[in-house]
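Dumped final19.cif below, it's mmCIF, C-alpha atoms:
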data_structure
loop_
_atom_site.label_atom_id
_atom_site.label_comp_id
_atom_site.auth_asym_id
_atom_site.auth_seq_id
_atom_site.Cartn_x
_atom_site.Cartn_y
_atom_site.Cartn_z
CA MET A 745 35.06 69.22 8.33
CA GLU A 746 37.43 68.07 11.07
CA GLU A 747 37.35 64.36 11.81
CA THR A 748 36.83 65.10 15.50
CA GLU A 749 33.70 67.07 14.67
CA LEU A 750 32.45 64.25 12.43
CA MET A 751 32.90 61.79 15.30
CA ARG A 752 30.96 64.10 17.59
CA ARG A 753 28.13 64.29 15.08
CA LEU A 754 28.13 60.54 14.61
CA ALA A 755 27.84 60.09 18.36
CA ALA A 756 24.87 62.48 18.27
CA GLY A 757 23.13 60.26 15.73
CA ASP A 758 23.99 61.93 12.42
CA ARG A 759 24.00 58.73 10.45
CA ASP A 760 23.66 60.11 6.94
CA GLY A 761 25.93 63.15 7.01
CA ALA A 762 28.66 62.26 9.48
CA ALA A 763 28.76 58.54 8.73
CA GLY A 764 28.90 59.24 5.01
CA ALA A 765 31.73 61.73 5.44
CA LEU A 766 33.62 59.34 7.71
CA TYR A 767 33.14 56.57 5.14
CA ASP A 768 34.65 58.84 2.49
CA ARG A 769 37.65 59.51 4.76
CA PHE A 770 38.28 55.99 6.00
CA GLY A 771 36.28 53.52 3.89
CA PRO A 772 38.78 53.08 1.04
CA ARG A 773 41.69 52.63 3.45
CA LEU A 774 39.74 50.15 5.57
CA TYR A 775 38.93 48.21 2.42
CA GLY A 776 42.59 48.21 1.42
CA VAL A 777 43.60 46.99 4.86
CA GLY A 778 41.02 44.21 4.61
CA LEU A 779 42.25 43.14 1.20
CA ARG A 780 45.84 43.13 2.33
CA LEU A 781 45.38 41.46 5.70
CA LEU A 782 42.27 39.30 5.26
CA GLY A 783 43.03 38.28 1.72
CA ASP A 784 39.81 38.62 -0.23
CA ARG A 785 37.27 41.15 -1.38
CA GLY A 786 34.35 39.60 0.47
CA LEU A 787 36.09 39.78 3.82
CA ALA A 788 37.42 43.26 3.03
CA GLU A 789 33.86 44.45 2.45
CA GLU A 790 32.74 42.81 5.68
CA LEU A 791 35.57 44.54 7.51
CA VAL A 792 34.41 47.95 6.28
CA GLN A 793 30.82 47.31 7.31
CA GLU A 794 31.70 45.75 10.64
CA THR A 795 34.08 48.59 11.49
CA PHE A 796 31.41 51.20 10.78
CA VAL A 797 28.76 49.34 12.78
CA ARG A 798 31.15 49.16 15.74
CA LEU A 799 32.15 52.79 15.21
CA TRP A 800 28.51 53.80 15.24
CA ARG A 801 27.95 51.94 18.50
CA SER A 802 31.04 53.32 20.21
CA ALA A 803 31.39 56.84 18.78
CA GLY A 804 30.23 58.25 22.10
CA ARG A 805 33.35 56.87 23.73
CA PHE A 806 35.67 58.77 21.40
CA ASP A 807 37.71 61.26 23.36
CA PRO A 808 39.95 63.50 21.23
CA ALA A 809 42.18 64.12 24.24
CA ARG A 810 43.20 60.47 24.13
CA GLY A 811 43.97 60.12 20.43
CA SER A 812 42.93 61.06 16.92
CA ALA A 813 39.77 59.93 15.17
CA SER A 814 41.96 57.98 12.80
CA THR A 815 43.57 56.06 15.65
CA PHE A 816 40.13 55.35 17.12
CA VAL A 817 38.77 54.07 13.81
CA PHE A 818 41.73 51.82 13.05
CA THR A 819 41.84 50.44 16.57
CA ILE A 820 38.24 49.34 16.06
CA ALA A 821 39.15 48.01 12.62
CA ARG A 822 41.99 45.89 13.93
CA ARG A 823 39.75 44.23 16.49
CA ALA A 824 37.10 43.65 13.83
CA ALA A 825 39.70 42.20 11.46
CA VAL A 826 40.99 39.79 14.10
CA ASP A 827 37.41 38.68 14.83
CA LEU A 828 36.64 38.21 11.15
CA HIS A 829 39.80 36.21 10.62
CA ARG A 830 39.07 33.98 13.59
CA ARG A 831 35.53 33.28 12.43
CA PRO A 832 35.45 29.69 11.18
CA SER A 833 33.57 30.50 7.99
CA SER A 834 36.25 33.01 7.00
CA ARG A 835 38.67 30.14 6.63
CA PRO A 836 36.69 27.35 5.04
CA LEU A 837 39.57 24.91 4.86
CA ALA A 838 40.22 23.22 8.15
CA GLU A 839 43.95 23.39 7.81
CA LEU A 840 45.67 26.72 8.08
CA ASP A 841 48.11 27.22 5.28
CA GLU A 842 51.21 29.37 5.58
CA ARG A 843 49.48 32.37 4.09
CA ASP A 844 46.73 32.17 6.70
CA LEU A 845 49.26 31.96 9.48
CA ALA A 846 51.13 34.95 8.09
CA ARG A 847 47.86 36.91 7.93
CA ARG A 848 46.97 36.03 11.47
CA GLU A 849 50.36 37.16 12.72
CA ALA A 850 50.07 40.39 10.73
CA LEU A 851 46.63 41.08 12.19
CA GLU A 852 47.49 40.30 15.74
CA SER A 853 50.72 42.29 15.59
CA GLY A 854 49.71 45.91 15.98
CA ASP A 855 52.91 47.03 14.25
CA GLU A 856 52.17 45.21 11.02
CA PHE A 857 48.57 46.43 11.02
CA GLU A 858 49.75 49.98 11.51
CA HIS A 859 52.31 49.56 8.75
CA VAL A 860 49.58 48.66 6.28
CA VAL A 861 47.35 51.51 7.48
CA LEU A 862 50.21 53.98 7.05
CA GLY A 863 51.07 52.58 3.64
CA LEU A 864 47.50 53.14 2.51
CA GLU A 865 47.51 56.63 3.96
CA LEU A 866 50.66 57.26 1.95
CA ARG A 867 48.78 56.11 -1.13
CA GLU A 868 46.27 58.89 -0.50
CA ALA A 869 49.11 61.34 0.15
CA LEU A 870 50.57 60.49 -3.28
CA ASP A 871 47.64 62.36 -4.78
CA GLU A 872 49.03 65.55 -3.25
CA LEU A 873 52.28 65.30 -5.23
CA SER A 874 52.78 67.04 -8.52
CA GLU A 875 52.27 64.82 -11.56
CA GLU A 876 56.00 65.12 -12.31
CA GLN A 877 57.02 63.90 -8.88
CA ARG A 878 54.46 61.11 -8.76
CA SER A 879 55.36 59.77 -12.19
CA VAL A 880 59.03 59.15 -11.34
CA LEU A 881 58.04 57.25 -8.20
CA GLU A 882 55.44 55.27 -10.11
CA LEU A 883 57.85 54.26 -12.82
CA HIS A 884 60.28 52.96 -10.22
CA TYR A 885 57.69 51.04 -8.20
CA ARG A 886 55.56 49.76 -11.05
CA GLU A 887 58.23 48.92 -13.58
CA ASP A 888 61.27 48.57 -11.35
CA LEU A 889 63.18 51.15 -13.41
CA THR A 890 66.34 52.84 -12.16
CA GLN A 891 66.54 56.62 -12.27
CA GLN A 892 68.74 56.37 -15.37
CA GLN A 893 66.10 54.27 -17.13
CA ILE A 894 63.35 56.64 -16.01
CA ALA A 895 65.28 59.59 -17.45
CA GLU A 896 65.58 57.77 -20.76
CA ARG A 897 61.92 56.78 -20.76
CA LEU A 898 60.73 60.33 -20.08
CA GLY A 899 63.39 62.07 -22.16
CA LEU A 900 64.52 64.10 -19.18
CA PRO A 901 68.00 64.97 -17.86
CA LEU A 902 69.05 62.50 -15.16
CA GLY A 903 69.43 65.34 -12.64
CA THR A 904 65.78 66.29 -13.14
CA VAL A 905 64.64 62.75 -12.32
CA LYS A 906 66.84 62.73 -9.25
CA SER A 907 65.55 66.04 -7.95
CA ARG A 908 61.91 65.09 -8.62
CA THR A 909 62.43 61.86 -6.69
CA LEU A 910 64.00 63.55 -3.68
CA TYR A 911 61.56 66.46 -3.61
CA GLY A 912 58.67 64.02 -4.01
CA LEU A 913 59.82 62.00 -1.01
CA ARG A 914 60.20 65.15 1.07
CA ALA A 915 56.73 66.31 0.03
CA LEU A 916 55.27 62.93 1.02
CA LYS A 917 56.91 63.10 4.43
CA ALA A 918 55.54 66.61 4.93
CA GLU A 919 52.05 65.54 3.83
CA LEU A 920 52.05 62.66 6.32
CA ALA A 921 53.13 65.03 9.08
CA ARG A 922 50.37 67.47 8.12
CA ARG A 923 47.74 64.71 8.20
CA ASP A 924 49.05 63.53 11.53
CA ALA A 925 48.70 67.04 12.94
CA ASP A 926 45.17 67.42 11.52
CA GLY A 927 43.95 63.98 12.63
CA MET B 81 67.92 74.66 4.53
CA ARG B 82 68.56 71.25 3.12
CA MET B 83 71.15 70.79 0.46
CA ALA B 84 69.73 69.40 -2.72
CA ASP B 85 72.44 69.47 -5.32
CA GLY B 86 75.26 67.29 -6.48
CA ALA B 87 75.75 64.08 -4.54
CA HIS B 88 72.91 64.94 -2.13
CA LEU B 89 70.39 64.48 -4.92
CA ASP B 90 71.12 60.76 -4.99
CA LEU B 91 69.57 60.35 -1.57
CA GLY B 92 66.11 59.65 -3.00
CA GLY B 93 67.31 57.09 -5.51
CA TYR B 94 69.48 55.45 -2.86
CA LEU B 95 66.57 55.18 -0.46
CA LEU B 96 64.36 53.59 -3.09
CA GLY B 97 67.06 51.36 -4.57
CA ALA B 98 66.78 53.17 -7.91
CA LEU B 99 70.47 53.99 -8.49
CA GLU B 100 72.78 52.25 -10.93
CA PRO B 101 75.48 50.19 -9.15
CA ALA B 102 78.23 52.75 -9.78
CA GLU B 103 76.01 55.59 -8.55
CA ARG B 104 75.17 53.63 -5.42
CA GLU B 105 78.81 52.98 -4.59
CA ALA B 106 79.65 56.66 -5.11
CA TYR B 107 76.77 57.74 -2.91
CA GLU B 108 77.76 55.36 -0.13
CA ARG B 109 81.22 56.96 -0.15
CA HIS B 110 79.55 60.38 0.03
CA LEU B 111 77.39 59.23 2.96
CA GLU B 112 80.45 58.43 5.03
CA SER B 113 81.39 62.09 5.08
CA CYS B 114 77.97 63.79 4.94
CA GLN B 115 76.12 63.97 8.23
CA GLU B 116 73.27 65.92 6.69
CA CYS B 117 72.55 63.12 4.25
CA ARG B 118 72.72 60.52 7.00
CA GLU B 119 70.18 62.47 9.05
CA GLU B 120 67.81 62.95 6.15
CA LEU B 121 68.14 59.30 5.22
CA ARG B 122 66.98 58.41 8.72
CA ASP B 123 64.18 60.97 8.47
CA LEU B 124 62.84 59.65 5.15
CA GLY B 125 63.84 56.04 5.68
CA ASP B 126 60.40 54.72 6.64
CA LEU B 127 58.86 55.90 3.36
CA ALA B 128 60.34 53.19 1.14
CA PRO B 129 58.57 50.19 2.76
CA LEU B 130 55.37 52.22 3.06
CA LEU B 131 55.53 53.03 -0.64
CA ASP B 132 55.67 49.27 -1.27
CA VAL B 133 52.28 48.99 0.44
CA ALA B 134 50.96 52.15 -1.21
CA PHE B 135 51.69 51.01 -4.76
CA ALA B 136 50.73 47.39 -4.13
CA ALA B 137 47.31 48.61 -2.98
CA ASP B 138 46.63 50.61 -6.07
CA ALA B 139 43.98 48.24 -7.41
CA ALA B 140 42.16 48.17 -4.10
CA ASP B 141 39.41 50.72 -4.59
CA PRO B 142 36.25 49.46 -2.93
CA PRO B 143 33.20 48.86 -5.12
CA PRO B 144 31.04 52.00 -5.20
CA GLU B 145 28.01 50.13 -3.84
CA LEU B 146 29.89 49.32 -0.63
CA ARG B 147 29.22 52.86 0.59
CA VAL B 148 25.47 52.32 0.19
CA ARG B 149 25.64 48.94 1.89
CA THR B 150 27.71 50.27 4.79
CA LEU B 151 25.31 53.13 5.47
CA ALA B 152 22.41 50.69 5.14
CA ALA B 153 24.09 48.48 7.76
CA LEU B 154 24.03 51.47 10.11
CA GLU B 155 20.37 51.96 9.30
CA ARG B 156 19.72 48.44 10.54
CA GLU B 157 21.53 49.38 13.73
CA VAL B 158 19.00 52.11 14.44
CA GLY B 159 16.91 49.89 16.65
CA PRO B 160 15.88 49.88 20.30
CA ASP B 161 19.48 49.63 21.53
CA ALA B 162 20.57 52.66 19.59
CA ARG B 163 17.55 54.57 20.79
CA ASP B 164 18.36 53.69 24.39
CA ARG B 165 21.93 54.77 23.83
CA VAL B 166 20.84 58.14 22.50
CA LEU B 167 18.21 58.57 25.20
CA GLY B 168 20.82 57.85 27.81
CA LEU B 169 18.81 54.94 29.24
CA ALA B 170 21.75 52.58 29.02
CA PRO B 171 24.79 54.79 28.70
CA GLN B 172 28.26 53.41 28.58
CA ARG B 173 30.76 54.95 30.93
CA GLY B 174 32.51 57.10 28.31
CA GLU B 175 29.26 58.18 26.72
CA ARG B 176 27.92 59.60 29.96
CA ARG B 177 31.05 61.66 30.40
CA TRP B 178 30.77 62.88 26.85
CA TRP B 179 27.22 64.10 27.19
CA VAL B 180 27.82 65.74 30.53
CA ARG B 181 30.91 67.53 29.29
CA ARG B 182 29.15 69.19 26.43
CA GLY B 183 25.92 70.57 27.81
CA GLY B 184 23.77 71.41 30.77
CA ALA B 185 20.86 69.27 31.89
CA PHE B 186 18.23 71.26 30.04
CA ALA B 187 20.10 71.26 26.76
CA LEU B 188 20.75 67.56 27.22
CA ALA B 189 17.08 66.76 27.78
CA THR B 190 15.75 68.81 24.88
CA GLY B 191 18.51 67.76 22.54
CA LEU B 192 18.04 64.09 23.28
CA ALA B 193 14.29 64.35 22.88
CA ALA B 194 14.78 65.77 19.40
CA VAL B 195 17.30 63.10 18.48
CA ALA B 196 15.07 60.40 19.92
CA ALA B 197 12.16 61.61 17.82
CA PHE B 198 14.42 61.38 14.78
CA PHE B 199 15.40 57.82 15.63
CA VAL B 200 11.87 56.65 16.35
CA GLY B 201 10.83 57.98 12.97
CA ARG B 202 13.77 56.39 11.21
CA THR B 203 13.25 53.09 12.98
CA TYR B 204 9.62 52.92 11.93
CA GLU B 205 10.54 53.83 8.41
CA SER B 206 13.36 51.30 8.18
CA ARG B 207 11.17 48.48 9.45
CA GLU B 208 8.33 49.23 7.06
CA ARG B 209 8.20 46.28 4.72
CA GLY B 210 6.50 46.81 1.46
CA PRO B 211 5.49 44.20 -1.08
CA VAL B 212 7.74 41.38 -2.25
CA GLU B 213 8.77 42.61 -5.67
CA VAL B 214 10.58 39.51 -6.83
CA ARG B 215 10.45 35.96 -5.55
CA ALA B 216 12.89 33.75 -7.38
CA ALA B 217 14.15 30.20 -7.36
CA LEU B 218 17.74 29.88 -8.43
CA SER B 219 19.16 26.69 -9.85
CA ALA B 220 22.56 25.45 -10.88
CA PRO B 221 23.10 24.79 -14.55
CA GLY B 222 23.73 21.06 -14.85
CA ASP B 223 23.51 20.30 -11.11
CA PRO B 224 19.95 19.76 -9.84
CA SER B 225 21.23 19.05 -6.31
CA ILE B 226 21.94 22.73 -5.69
CA ASP B 227 19.23 25.31 -5.47
CA ALA B 228 18.45 28.51 -3.63
CA SER B 229 15.71 31.04 -3.17
CA ALA B 230 15.72 34.80 -3.05
CA GLN B 231 13.24 37.57 -2.66
CA VAL B 232 13.47 41.29 -3.14
CA VAL B 233 11.39 43.31 -0.68
CA LYS B 234 10.65 47.01 -0.89
CA THR B 235 11.34 48.75 2.42
CA GLY B 236 11.31 52.28 3.73
CA ILE B 237 14.97 52.67 2.86
CA GLY B 238 15.00 51.12 -0.55
CA ARG B 239 15.11 47.41 -1.22
CA VAL B 240 16.31 44.42 0.68
CA ILE B 241 17.26 41.15 -0.95
CA GLU B 242 17.05 38.01 1.17
CA PHE B 243 18.96 35.02 -0.15
CA ARG B 244 18.91 31.47 1.21
CA SER B 245 20.63 28.29 0.20
CA GLU B 246 21.59 25.20 2.14
CA GLU B 247 23.68 23.53 -0.50
CA LEU B 248 26.34 25.86 -1.79
CA PRO B 249 29.73 24.21 -1.35
CA ILE B 250 32.31 25.90 0.83
CA LEU B 251 34.87 27.53 -1.44
CA PRO B 252 38.66 27.38 -1.16
CA THR B 253 40.27 30.03 1.00
CA GLY B 254 40.26 33.41 -0.68
CA GLU B 255 37.25 32.75 -2.94
CA PHE B 256 33.72 33.92 -2.23
CA TYR B 257 30.23 33.97 -3.70
CA GLU B 258 28.79 37.10 -5.22
CA LEU B 259 25.11 37.80 -5.85
CA TRP B 260 24.28 39.86 -8.92
CA PHE B 261 21.32 41.61 -10.48
CA VAL B 262 21.67 40.89 -14.18
CA GLY B 263 20.14 43.00 -16.93
CA PRO B 264 19.39 42.26 -20.58
CA GLY B 265 22.27 41.55 -22.93
CA ASP B 266 24.79 40.86 -20.17
CA THR B 267 27.97 39.13 -21.36
CA LEU B 268 31.46 38.76 -19.95
CA ALA B 269 32.79 41.17 -22.55
CA GLU B 270 29.98 43.69 -22.12
CA PRO B 271 28.57 43.25 -18.64
CA ASN B 272 25.20 44.66 -17.67
CA ARG B 273 24.97 43.65 -14.03
CA ILE B 274 25.17 45.14 -10.54
CA SER B 275 26.59 43.39 -7.51
CA ALA B 276 24.30 43.01 -4.50
CA GLY B 277 27.12 41.79 -2.29
CA THR B 278 29.44 38.93 -1.45
CA PHE B 279 29.11 36.14 1.07
CA HIS B 280 30.44 32.89 2.42
CA PRO B 281 28.40 29.91 3.59
CA ASP B 282 28.73 29.33 7.31
CA GLU B 283 30.66 26.35 8.60
CA GLU B 284 27.61 24.11 8.07
CA GLY B 285 27.14 25.22 4.49
CA ARG B 286 24.17 27.51 5.11
CA SER B 287 24.00 30.74 3.18
CA HIS B 288 21.32 32.94 4.72
CA VAL B 289 22.18 36.49 3.85
CA THR B 290 20.39 39.81 3.54
CA PHE B 291 21.64 42.65 1.43
CA ALA B 292 20.49 46.23 1.16
CA ALA B 293 20.07 46.77 -2.55
CA ALA B 294 19.98 49.95 -4.58
CA VAL B 295 18.87 48.27 -7.79
CA ASP B 296 15.54 48.25 -9.57
CA PRO B 297 14.76 44.59 -10.31
CA ALA B 298 12.53 45.67 -13.18
CA LYS B 299 15.68 46.77 -14.99
CA TYR B 300 17.86 43.89 -13.78
CA PRO B 301 15.38 41.01 -13.59
CA VAL B 302 17.71 38.01 -13.34
CA LEU B 303 19.54 37.00 -10.17
CA SER B 304 22.84 35.21 -10.49
CA VAL B 305 25.43 33.84 -8.07
CA THR B 306 29.04 33.45 -9.15
CA ALA B 307 32.06 31.99 -7.38
CA GLU B 308 34.69 34.72 -7.53
CA PRO B 309 38.44 34.50 -7.06
CA GLY B 310 39.77 36.89 -4.44
CA ASP B 311 41.81 38.76 -7.01
CA GLY B 312 40.74 42.30 -6.23
CA ASP B 313 38.97 42.63 -9.59
CA PRO B 314 35.50 44.10 -8.96
CA ARG B 315 34.13 42.71 -12.24
CA ARG B 316 32.60 39.31 -12.60
CA THR B 317 35.43 36.95 -13.46
CA GLY B 318 34.29 33.74 -11.77
CA SER B 319 31.97 31.03 -12.99
CA GLU B 320 28.23 31.14 -12.48
CA VAL B 321 26.89 28.63 -9.95
CA LEU B 322 23.23 29.69 -9.69
CA ARG B 323 20.80 31.59 -11.87
CA SER B 324 17.13 32.50 -11.73
CA GLN B 325 14.82 32.29 -14.70
CA PRO B 326 13.63 35.70 -15.91
#
As structure tokens, please, write out the structure in this file.
Amino acid sequence: MEETELMRRLAAGDRDGAAGALYDRFGPRLYGVGLRLLGDRGLAEELVQETFVRLWRSAGRFDPARGSASTFVFTIARRAAVDLHRRPSSRPLAELDERDLARREALESGDEFEHVVLGLELREALDELSEEQRSVLELHYREDLTQQQIAERLGLPLGTVKSRTLYGLRALKAELARRDADG
Amino acid sequence: MRMADGAHLDLGGYLLGALEPAEREAYERHLESCQECREELRDLGDLAPLLDVAFAADAADPPPELRVRTLAALEREVGPDARDRVLGLAPQRGERRWWVRRGGAFALATGLAAVAAFFVGRTYESRERGPVEVRAALSAPGDPSIDASAQVVKTGIGRVIEFRSEELPILPTGEFYELWFVGPGDTLAEPNRISAGTFHPDEEGRSHVTFAAAVDPAKYPVLSVTAEPGDGDPRRTGSEVLRSQP
């Protein structure tokens, strides 16, 4: 079902169906954003819950003419994340260490927040690649292998690794564009 | 159609930094004379830093019970305010526009009456408190100064666990407490436990938290609180700070 339709149903009070479907679409990415930008699992879980409570309250204000459901959800999430990070009990130590400061800057800078959201969307888009394309990207990112080393590891001609890498990147770009158009 | 043979194929490896030094130098020479590669490099260029995030986040799947807890949090929201919102008694500016755009007055009235009936029913159900199934005192092994209480209450939507402690120390940044239902035979190597949720004490050291639980305490009779590192591992890895007697 289209995300716009799910938002409409949520606004109409469909807590179980629409909220559940929206959780399945956005929950894992919200959790990932929380882990990355708030720094721990507890706060990441709170971010997911707080975002959905705020989404539930404000779903009636969603206007698809002004932006996608995804943009609406992550705008709410960014505000919720900033509030959670500012809450005194989220930072039990009185002194802010450098990591805290970096997190605060990342949260309050919309660009950095969006970068993390897009990165996590790309993670979902990786599932759309063929196993062959995904594996060459994984071997580079997880084990820091060059294409030559990947070819040796997989017993493939170097040209095959190179073409899988390039075609994989193109497919990812196309998948992001498709999601953008659908959102 | 894009070219994808010969030197062009190195575009992907160049973008990711996955070429050998000699390949990289050769490709940079190729780039100087290939406008098509330069354009595609610009087109795909934002993928590399995003892939850093994508692969770094690979261990970040939320715990399965978070879905239940999130939907339960919405259930708690279905109170008088939500009912007013749906009835249109206290509409926000955007909400009024939304309703008006999508239906005539009659449809609006009948539709809202049906939705309101749904909410009234749900609200009554969600506030129905059944018996206290478990009432437990939790104590800290080796530290009598710390204790806590918890009770599990049956409600219309399942179970709610209410946990209170005044003494839990505030943890270092990044760590948090986690409340567990523990079943028989639970060990670190072979866990038999279900997380009820995570929490922090407030700035005064009070931990008064309520979780929506989807666990039968008859099967998981012991309550335990651990101090967990914020390492993204959903299993119990931290030390136990409180435990109830079975």
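Remark: for chain B, the closest of the candidate residues A:Leu873, A:Ala921, A:Leu864, A:Met751 is A:Leu864 (distances computed over all atoms listed in the file).
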With the cut-off set at 8 Å and counting all atoms listed in the file, tabulate each residue of chain A with an atom at most that distance from an atom of chain B, showing the nearest atom pair and its distance in Å to one decimal, ordered by chain and increasing number, as a Markdown table.
| residue | atom | partner | partner_atom | distance |
| --- | --- | --- | --- | --- |
| A:Ala756 | CA | B:Val166 | CA | 7.3 |
| A:Gly757 | CA | B:Val195 | CA | 7.0 |
| A:Arg759 | CA | B:Leu154 | CA | 7.3 |
| A:Asp760 | CA | B:Leu151 | CA | 7.3 |
| A:Ala763 | CA | B:Leu151 | CA | 7.2 |
| A:Gly764 | CA | B:Leu151 | CA | 7.1 |
| A:Tyr767 | CA | B:Arg147 | CA | 7.1 |
| A:Gly771 | CA | B:Arg147 | CA | 7.8 |
| A:Pro772 | CA | B:Pro142 | CA | 5.9 |
| A:Tyr775 | CA | B:Pro142 | CA | 6.1 |
| A:Gly776 | CA | B:Ala140 | CA | 5.5 |
| A:Leu779 | CA | B:Ala140 | CA | 7.3 |
| A:Arg780 | CA | B:Ala137 | CA | 7.8 |
| A:Gly783 | CA | B:Gly254 | CA | 6.1 |
| A:Asp784 | CA | B:Gly310 | CA | 4.6 |
| A:Arg785 | CA | B:Gly310 | CA | 5.8 |
| A:Gly786 | CA | B:Thr278 | CA | 5.3 |
| A:Glu789 | CA | B:Leu146 | CA | 7.0 |
| A:Val792 | CA | B:Thr150 | CA | 7.2 |
| A:Gln793 | CA | B:Thr150 | CA | 5.0 |
| A:Phe796 | CA | B:Thr150 | CA | 7.1 |
| A:Val797 | CA | B:Leu154 | CA | 5.8 |
| A:Trp800 | CA | B:Leu154 | CA | 7.2 |
| A:Arg801 | CA | B:Ala162 | CA | 7.5 |
| A:Gly804 | CA | B:Glu175 | CA | 4.7 |
| A:Arg805 | CA | B:Gly174 | CA | 4.7 |
| A:Phe806 | CA | B:Gly174 | CA | 7.8 |
| A:Asp807 | CA | B:Trp178 | CA | 7.9 |
| A:Pro832 | CA | B:Glu283 | CA | 6.4 |
| A:Ser833 | CA | B:Asp282 | CA | 5.0 |
| A:Ser834 | CA | B:His280 | CA | 7.4 |
| A:Arg835 | CA | B:Thr253 | CA | 5.9 |
| A:Pro836 | CA | B:Thr253 | CA | 6.0 |
| A:Leu837 | CA | B:Thr253 | CA | 6.5 |
| A:His859 | CA | B:Leu130 | CA | 7.0 |
| A:Val860 | CA | B:Val133 | CA | 6.4 |
| A:Leu862 | CA | B:Leu130 | CA | 6.8 |
| A:Gly863 | CA | B:Leu130 | CA | 4.4 |
| A:Leu864 | CA | B:Ala134 | CA | 5.2 |
| A:Glu865 | CA | B:Ala134 | CA | 7.7 |
| A:Leu866 | CA | B:Ala134 | CA | 6.0 |
| A:Arg867 | CA | B:Ala134 | CA | 4.5 |
| A:Glu882 | CA | B:Phe135 | CA | 7.8 |
| A:His884 | CA | B:Ala98 | CA | 6.9 |
| A:Tyr885 | CA | B:Phe135 | CA | 6.9 |
| A:Arg886 | CA | B:Phe135 | CA | 7.5 |
| A:Asp888 | CA | B:Ala98 | CA | 8.0 |
| A:Leu889 | CA | B:Ala98 | CA | 6.9 |
| A:Thr890 | CA | B:Ala98 | CA | 4.3 |
| A:Gln891 | CA | B:Ala98 | CA | 5.6 |
| A:Gln892 | CA | B:Glu100 | CA | 7.3 |
| A:Gly903 | CA | B:Leu89 | CA | 7.8 |
| A:Lys906 | CA | B:Leu89 | CA | 5.9 |
| A:Ser907 | CA | B:Leu89 | CA | 5.9 |
| A:Thr909 | CA | B:Gly92 | CA | 5.7 |
| A:Leu910 | CA | B:Gly92 | CA | 4.5 |
| A:Leu913 | CA | B:Gly92 | CA | 7.0 |
| A:Arg914 | CA | B:Leu124 | CA | 7.3 |
| A:Lys917 | CA | B:Leu124 | CA | 6.9 |
List the residues selected by the PyMOL selection byres ((chain B and resi 295) around 9) in the file shown, writing them as a PyMOL selection string.
-> chain B and resi 238-239+261+274+276+293-294+296-300
Report the residues retrieved by the PyMOL selection byres ((chain B and resi 241) around 9) from the displayed file, expressed as an MDAnalysis selection string.
-> chainID B and resid 230:234 239:240 242:243 276 289:293
Hey, which of B:Ser275, B:Thr235, B:Thr317, B:Ser245 ends up closest to Gly263 (chain B)? Count all atoms listed in the file.
->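 Selected residue with least distance to Gly263 (chain B): B:Ser275.
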